[in-house]
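Text of run.csv, listed as CSV, C-alpha atoms:
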```csv
chain,number,residue,atom,x,y,z
A,30,MET,CA,-34.7,-15.6,29.1
A,31,ALA,CA,-31.4,-16.8,27.6
A,32,TRP,CA,-29.5,-19.5,29.4
A,33,PHE,CA,-25.7,-20.1,29.2
A,34,HIS,CA,-24.1,-23.5,29.8
A,35,ARG,CA,-20.4,-24.5,30.2
A,36,LYS,CA,-19.2,-26.6,27.2
A,37,GLU,CA,-16.8,-28.4,29.4
A,38,ASP,CA,-18.2,-30.4,32.4
A,39,ASN,CA,-14.8,-30.7,34.1
A,40,ILE,CA,-14.5,-27.0,34.8
A,41,LYS,CA,-15.1,-26.4,38.5
A,42,ASP,CA,-15.8,-23.1,40.2
A,43,ASP,CA,-13.4,-23.8,43.1
A,44,GLN,CA,-10.4,-24.0,40.8
A,45,LYS,CA,-8.1,-21.0,41.2
A,46,LYS,CA,-5.0,-20.0,39.3
A,47,SER,CA,-1.8,-20.2,41.2
A,48,ILE,CA,-0.2,-16.8,41.5
A,49,PRO,CA,3.3,-16.6,42.9
A,50,ASP,CA,3.8,-14.5,46.1
A,51,ASN,CA,6.0,-11.5,46.4
A,52,LEU,CA,5.6,-10.2,42.9
A,53,TRP,CA,4.7,-6.7,43.9
A,54,ILE,CA,6.4,-4.0,46.0
A,55,LYS,CA,5.3,-0.6,47.2
A,56,CYS,CA,7.6,2.4,46.4
A,57,PRO,CA,8.5,4.1,49.7
A,58,SER,CA,8.7,7.5,47.9
A,59,CYS,CA,5.6,7.7,45.7
A,60,SER,CA,3.6,4.8,47.1
A,61,GLU,CA,3.0,3.3,43.6
A,62,ILE,CA,2.7,-0.5,43.4
A,63,LEU,CA,5.6,-1.9,41.3
A,64,TYR,CA,5.9,-5.3,39.6
A,65,LYS,CA,9.2,-6.7,40.9
A,66,PRO,CA,10.4,-8.4,37.6
A,67,GLU,CA,9.9,-5.1,35.8
A,68,LEU,CA,11.6,-3.2,38.6
A,69,LYS,CA,14.6,-5.4,38.4
A,70,ILE,CA,14.9,-4.8,34.6
A,71,ASN,CA,14.9,-1.1,35.4
A,72,HIS,CA,17.9,-1.5,37.7
A,73,SER,CA,15.6,-1.3,40.8
A,74,VAL,CA,14.6,2.3,40.0
A,75,CYS,CA,10.9,3.3,40.3
A,76,ARG,CA,9.6,4.2,36.9
A,77,TYR,CA,7.2,6.8,38.4
A,78,CYS,CA,9.4,8.8,40.8
A,79,LYS,CA,12.9,7.5,40.0
A,80,HIS,CA,13.4,6.3,43.6
A,81,HIS,CA,16.5,4.1,43.8
A,82,PHE,CA,15.9,1.0,45.8
A,83,ARG,CA,19.0,-0.5,47.5
A,84,ILE,CA,20.7,-3.2,45.5
A,85,ASN,CA,23.4,-5.7,46.5
A,86,SER,CA,27.0,-6.0,45.4
A,87,THR,CA,26.1,-8.5,42.6
A,88,GLU,CA,23.8,-6.0,41.0
A,89,TYR,CA,26.4,-3.2,41.2
A,90,ILE,CA,29.0,-5.5,39.6
A,91,LYS,CA,26.7,-6.0,36.7
A,92,LEU,CA,26.1,-2.3,36.4
A,93,ILE,CA,29.7,-1.2,36.6
A,94,LEU,CA,32.2,-3.8,35.6
A,95,ASP,CA,32.7,-5.5,32.2
A,96,ASP,CA,31.6,-9.1,32.0
A,97,GLY,CA,34.3,-11.6,32.8
A,98,SER,CA,36.6,-9.1,34.3
A,99,VAL,CA,35.6,-9.5,38.0
A,100,LYS,CA,38.0,-10.9,40.6
A,101,GLU,CA,37.2,-10.6,44.3
A,102,VAL,CA,40.0,-9.7,46.6
A,103,PHE,CA,40.6,-9.6,50.4
A,104,LYS,CA,37.7,-12.0,50.9
A,105,ASN,CA,39.2,-13.6,53.9
A,106,ILE,CA,39.3,-10.4,56.0
A,107,ILE,CA,36.4,-10.7,58.4
A,108,SER,CA,35.3,-9.2,61.8
A,109,VAL,CA,36.1,-10.8,65.2
A,110,ASP,CA,34.6,-10.0,68.6
A,111,ARG,CA,37.8,-8.5,70.2
A,112,LEU,CA,35.8,-6.7,73.0
A,113,LYS,CA,33.4,-9.6,73.7
A,114,PHE,CA,30.6,-7.1,73.2
A,115,LYS,CA,27.2,-8.0,74.4
A,116,SER,CA,23.9,-6.0,74.4
A,117,GLU,CA,20.6,-7.6,73.4
A,118,LYS,CA,22.7,-10.0,71.4
A,119,ARG,CA,26.3,-11.0,71.4
A,120,TYR,CA,28.3,-9.3,68.7
A,121,SER,CA,29.6,-12.7,67.5
A,122,ASP,CA,26.0,-13.8,67.1
A,123,GLN,CA,25.1,-10.6,65.2
A,124,LEU,CA,27.9,-11.4,62.8
A,125,LYS,CA,26.6,-14.9,62.2
A,126,ILE,CA,23.1,-13.6,61.6
A,127,ALA,CA,24.4,-11.0,59.1
A,128,ILE,CA,26.4,-13.6,57.2
A,129,ASN,CA,23.5,-15.9,57.0
A,130,LYS,CA,21.1,-13.1,55.9
A,131,THR,CA,23.3,-11.5,53.2
A,132,LYS,CA,25.6,-14.4,52.2
A,133,ASP,CA,28.4,-11.9,52.5
A,134,LEU,CA,31.3,-12.3,55.0
A,135,GLU,CA,31.5,-8.5,55.8
A,136,ALA,CA,29.8,-5.2,55.1
A,137,ILE,CA,32.0,-4.5,52.1
A,138,ARG,CA,33.2,-6.6,49.2
A,139,CYS,CA,36.3,-5.6,47.1
A,140,PHE,CA,37.1,-6.4,43.5
A,141,GLU,CA,39.5,-5.9,40.7
A,142,GLY,CA,37.8,-5.4,37.4
A,143,ILE,CA,37.6,-3.4,34.1
A,144,ILE,CA,35.2,-0.6,33.1
A,145,ASN,CA,35.3,-0.2,29.3
A,146,ASN,CA,39.0,-1.2,29.1
A,147,TYR,CA,40.0,0.8,32.2
A,148,PRO,CA,41.3,-1.4,35.1
A,149,VAL,CA,39.9,-0.4,38.5
A,150,VAL,CA,39.7,-1.5,42.1
A,151,LEU,CA,36.1,-1.4,43.3
A,152,GLY,CA,34.7,-1.6,46.8
A,153,ILE,CA,30.9,-2.1,47.3
A,154,MET,CA,29.3,-1.7,50.7
A,155,ASN,CA,26.2,-3.6,51.9
A,156,PHE,CA,23.8,-1.8,54.1
A,157,ASP,CA,22.0,-5.0,55.0
A,158,PHE,CA,25.1,-6.3,56.8
A,159,ILE,CA,24.7,-4.6,60.2
A,160,GLY,CA,23.7,-1.4,58.6
A,161,GLY,CA,26.8,-1.3,56.5
A,162,SER,CA,28.7,-0.3,59.6
A,163,MET,CA,32.4,0.3,59.5
A,164,GLY,CA,34.4,-2.0,61.8
A,165,SER,CA,38.0,-3.0,61.8
A,166,ALA,CA,37.5,-5.5,59.0
A,167,VAL,CA,35.8,-3.0,56.7
A,168,GLY,CA,38.6,-0.4,57.4
A,169,GLU,CA,41.3,-3.0,56.7
A,170,LYS,CA,39.6,-4.1,53.4
A,171,ILE,CA,39.3,-0.5,52.3
A,172,SER,CA,42.9,0.2,53.3
A,173,GLN,CA,44.2,-2.9,51.4
A,174,SER,CA,42.1,-1.9,48.4
A,175,ILE,CA,43.7,1.6,48.4
A,176,LYS,CA,47.2,0.0,48.6
A,177,LEU,CA,46.3,-2.4,45.7
A,178,ALA,CA,45.1,0.5,43.5
A,179,ASP,CA,48.3,2.4,44.4
A,180,LYS,CA,50.5,-0.5,43.6
A,181,LYS,CA,48.8,-1.2,40.2
A,182,LYS,CA,48.4,2.5,39.4
A,183,VAL,CA,44.6,2.2,38.7
A,184,PRO,CA,41.7,4.2,39.9
A,185,LEU,CA,39.8,3.3,43.1
A,186,ILE,CA,36.0,3.4,43.3
A,187,ILE,CA,33.9,2.8,46.4
A,188,VAL,CA,30.2,2.4,46.5
A,189,CYS,CA,29.3,3.7,49.9
A,190,ALA,CA,26.2,2.7,52.0
A,191,SER,CA,26.5,2.9,55.7
A,192,GLY,CA,25.0,3.9,59.0
A,193,GLY,CA,28.4,4.8,60.4
A,194,ALA,CA,31.0,3.2,62.6
A,195,ARG,CA,30.3,-0.2,64.2
A,196,MET,CA,29.6,0.5,67.9
A,197,GLN,CA,30.2,-3.1,68.8
A,198,GLU,CA,33.9,-2.5,68.3
A,199,GLY,CA,34.1,0.7,70.3
A,200,ALA,CA,37.2,2.8,69.7
A,201,LEU,CA,38.6,0.2,67.3
A,202,SER,CA,35.9,1.2,64.8
A,203,LEU,CA,36.6,4.9,65.2
A,204,MET,CA,40.3,4.4,64.4
A,205,GLN,CA,39.2,3.2,60.9
A,206,LEU,CA,38.3,6.8,60.0
A,207,ALA,CA,41.9,8.0,60.5
A,208,LYS,CA,43.3,4.8,59.0
A,209,THR,CA,41.4,4.9,55.7
A,210,SER,CA,41.8,8.7,55.4
A,211,ALA,CA,45.6,8.5,55.9
A,212,ASN,CA,45.9,5.7,53.3
A,213,LEU,CA,43.7,7.7,50.8
A,214,ALA,CA,46.0,10.8,51.4
A,215,LYS,CA,49.1,8.8,50.4
A,216,PHE,CA,47.2,7.3,47.4
A,217,MET,CA,46.2,10.7,46.1
A,218,GLU,CA,49.6,12.2,46.8
A,219,ASN,CA,51.0,9.5,44.5
A,220,GLY,CA,48.6,10.6,41.7
A,221,GLY,CA,45.8,8.1,42.4
A,222,LEU,CA,42.3,8.8,41.3
A,223,TYR,CA,39.6,8.1,43.8
A,224,ILE,CA,35.8,8.2,43.1
A,225,PRO,CA,33.2,7.5,45.8
A,226,LEU,CA,29.6,6.9,44.9
A,227,LEU,CA,27.3,7.8,47.8
A,228,THR,CA,24.1,5.8,47.9
A,229,ASN,CA,21.1,5.8,50.3
A,230,PRO,CA,22.1,6.1,53.1
A,231,THR,CA,25.7,7.2,53.6
A,232,THR,CA,26.0,8.6,57.1
A,233,GLY,CA,28.2,8.7,60.2
A,234,GLY,CA,31.9,7.8,60.2
A,235,VAL,CA,31.8,6.7,56.5
A,236,THR,CA,30.7,10.2,55.4
A,237,ALA,CA,33.3,11.7,57.8
A,238,SER,CA,36.1,9.7,56.2
A,239,TYR,CA,36.5,8.1,52.8
A,240,GLY,CA,32.9,8.9,51.8
A,241,MET,CA,33.6,12.5,51.1
A,242,LEU,CA,37.3,12.5,50.2
A,243,GLY,CA,37.1,11.8,46.5
A,244,ASP,CA,38.6,13.6,43.6
A,245,ILE,CA,35.1,13.5,42.2
A,246,ASN,CA,32.2,12.8,44.6
A,247,LEU,CA,29.3,11.1,42.9
A,248,ALA,CA,25.9,10.3,44.4
A,249,GLU,CA,22.7,8.5,43.4
A,250,PRO,CA,19.5,10.6,43.2
A,251,LYS,CA,17.7,11.4,46.5
A,252,ALA,CA,20.3,9.6,48.7
A,253,LEU,CA,20.5,10.5,52.3
A,254,ILE,CA,24.0,11.7,53.0
A,255,GLY,CA,25.3,13.3,56.2
A,256,PHE,CA,27.1,12.8,59.5
A,257,ALA,CA,24.4,13.0,62.1
A,258,GLY,CA,20.7,12.3,61.1
A,259,PRO,CA,18.3,15.1,60.4
A,260,ARG,CA,16.3,14.5,63.6
A,261,VAL,CA,19.5,14.8,65.8
A,262,ILE,CA,20.5,18.0,64.0
A,263,LYS,CA,17.0,19.5,64.4
A,264,GLN,CA,17.0,18.7,68.1
A,265,THR,CA,20.5,20.2,68.5
A,266,ILE,CA,19.9,23.5,66.8
A,267,SER,CA,16.2,23.8,67.7
A,268,GLN,CA,15.4,24.9,64.2
A,269,ASP,CA,13.4,23.5,61.2
A,270,LEU,CA,15.6,22.1,58.5
A,271,PRO,CA,15.3,23.1,54.8
A,272,ASP,CA,13.3,20.9,52.4
A,273,GLY,CA,15.5,18.1,51.1
A,274,PHE,CA,18.1,18.6,53.7
A,275,GLN,CA,20.9,16.0,53.5
A,276,ARG,CA,19.6,14.6,50.2
A,277,SER,CA,21.9,14.4,47.1
A,278,GLU,CA,20.2,17.3,45.4
A,279,PHE,CA,20.7,19.6,48.4
A,280,LEU,CA,24.4,18.6,48.8
A,281,LEU,CA,25.0,19.2,45.1
A,282,GLU,CA,23.6,22.7,45.4
A,283,LYS,CA,25.9,23.4,48.4
A,284,GLY,CA,29.0,22.0,46.7
A,285,PHE,CA,29.5,18.9,48.8
A,286,ILE,CA,29.2,16.5,45.9
A,287,ASP,CA,30.1,17.0,42.2
A,288,LEU,CA,27.5,15.0,40.3
A,289,ILE,CA,24.3,13.1,40.7
A,290,VAL,CA,24.3,10.0,38.6
A,291,PRO,CA,21.1,7.9,37.9
A,292,ARG,CA,21.9,4.2,38.1
A,293,SER,CA,21.2,3.7,34.4
A,294,GLU,CA,24.0,6.1,33.5
A,295,LEU,CA,26.5,5.0,36.1
A,296,LYS,CA,28.9,2.9,33.9
A,297,LYS,CA,28.8,5.5,31.1
A,298,THR,CA,29.6,8.3,33.6
A,299,LEU,CA,32.4,6.4,35.3
A,300,SER,CA,33.9,5.5,31.9
A,301,ASN,CA,33.8,9.2,30.8
A,302,ILE,CA,35.5,10.3,34.1
A,303,LEU,CA,38.2,7.6,33.7
A,304,ASN,CA,38.8,8.6,30.0
A,305,THR,CA,39.2,12.2,31.1
A,306,LEU,CA,41.3,11.8,34.2
A,307,SER,CA,43.1,8.5,34.2
```

Please express what this file holds, its structure, as structure tokens.
Amino acid sequence: MAWFHRKEDNIKDDQKKSIPDNLWIKCPSCSEILYKPELKINHSVCRYCKHHFRINSTEYIKLILDDGSVKEVFKNIISVDRLKFKSEKRYSDQLKIAINKTKDLEAIRCFEGIINNYPVVLGIMNFDFIGGSMGSAVGEKISQSIKLADKKKVPLIIVCASGGARMQEGALSLMQLAKTSANLAKFMENGGLYIPLLTNPTTGGVTASYGMLGDINLAEPKALIGFAGPRVIKQTISQDLPDGFQRSEFLLEKGFIDLIVPRSELKKTLSNILNTLS
């Protein structure tokens, strides 16, 4: 019988390699286990099923705008608790939690920047900030961005991600639908070019206002896009819904959006549109 011995006496069986936590994530679409560093290199897109994970404004800036061209605007416009709203938590407390969680001051950030030599105004919504809900501050930041794009005669691009109007502000939030839509109408009457990018999810009041009012409506693959959710619609009409209902591919087929753009092709596609229509 052959015997094997360790050459080094200082090797112990109880020594274990230190493996960092949170290196893997399960794809919610295909259930494959993905290596996070590799996923980030691939713009947070699953390499198996092309599911687009949500990304923050910093990542979209890297994807869309030229390096060194970014200038944030309207940063000081933030929400206040006008109605002293209280449910399980006070609205003022929810705002503090959202700010601490996301490091953003509101559910949208707005920028001036350049896409391959084309100046633009860019708004990027953050679903992690109270569900990307549209309150007075979001409506005001979008309205100011529209006016800025109109003044500078540059295209406006908004990356949409929202659960709808912010219920904690009541009718004040619903008024933002009319406010943003009216400002967009003026902008487009003056020859302005507006391009929304609908990401997962874009629902409620955002879809019912500036989300679907673009000259060209873009969407990421398999994004949930609609006004009411599929469950509510199914309960209302008492009928089964078609496969893929309210997903980007379904809306493209029905003519509600113009183009589905994978994240890796986003900047190139926007550049081509600006080159053609600006």

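Across A:Ile90, A:Leu295, A:Met163, A:Ile262, the tightest approach to A:Ala200 is made by A:Met163 when counting all atoms listed in the file.
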
With all atoms listed in the file as the atoms that count, which of A:Lys100, A:His81, A:His72, A:Arg111 lies nearest to A:Glu198?
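Comparing A:Lys100, A:His81, A:His72, A:Arg111 against A:Glu198, the winner is A:Arg111.
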
In terms of all atoms listed in the file, the residue from A:Leu299, A:Met241, A:Leu63, A:Leu226 at minimal distance from A:Ile93 is A:Leu299

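Here atom CA of A:Ser162 and atom CA of A:Pro230 stand 11.3 Å from one another.
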
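Closest to A:Leu177 among A:Leu227, A:Ile62, A:Leu151, A:Ala136 is A:Leu151, based on all atoms listed in the file.
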
Find, counting all atoms listed in the file, the residue in A:Ser174, A:Ser58, A:Ser165, A:Thr305 that gets nearest to A:Glu101.
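For A:Glu101, the nearest of the given residues is A:Ser174.
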
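Proximity ranking of A:Asp122, A:Glu249, A:Glu117, A:Glu169 relative to A:Phe103 places A:Glu169 first, based on all atoms listed in the file.
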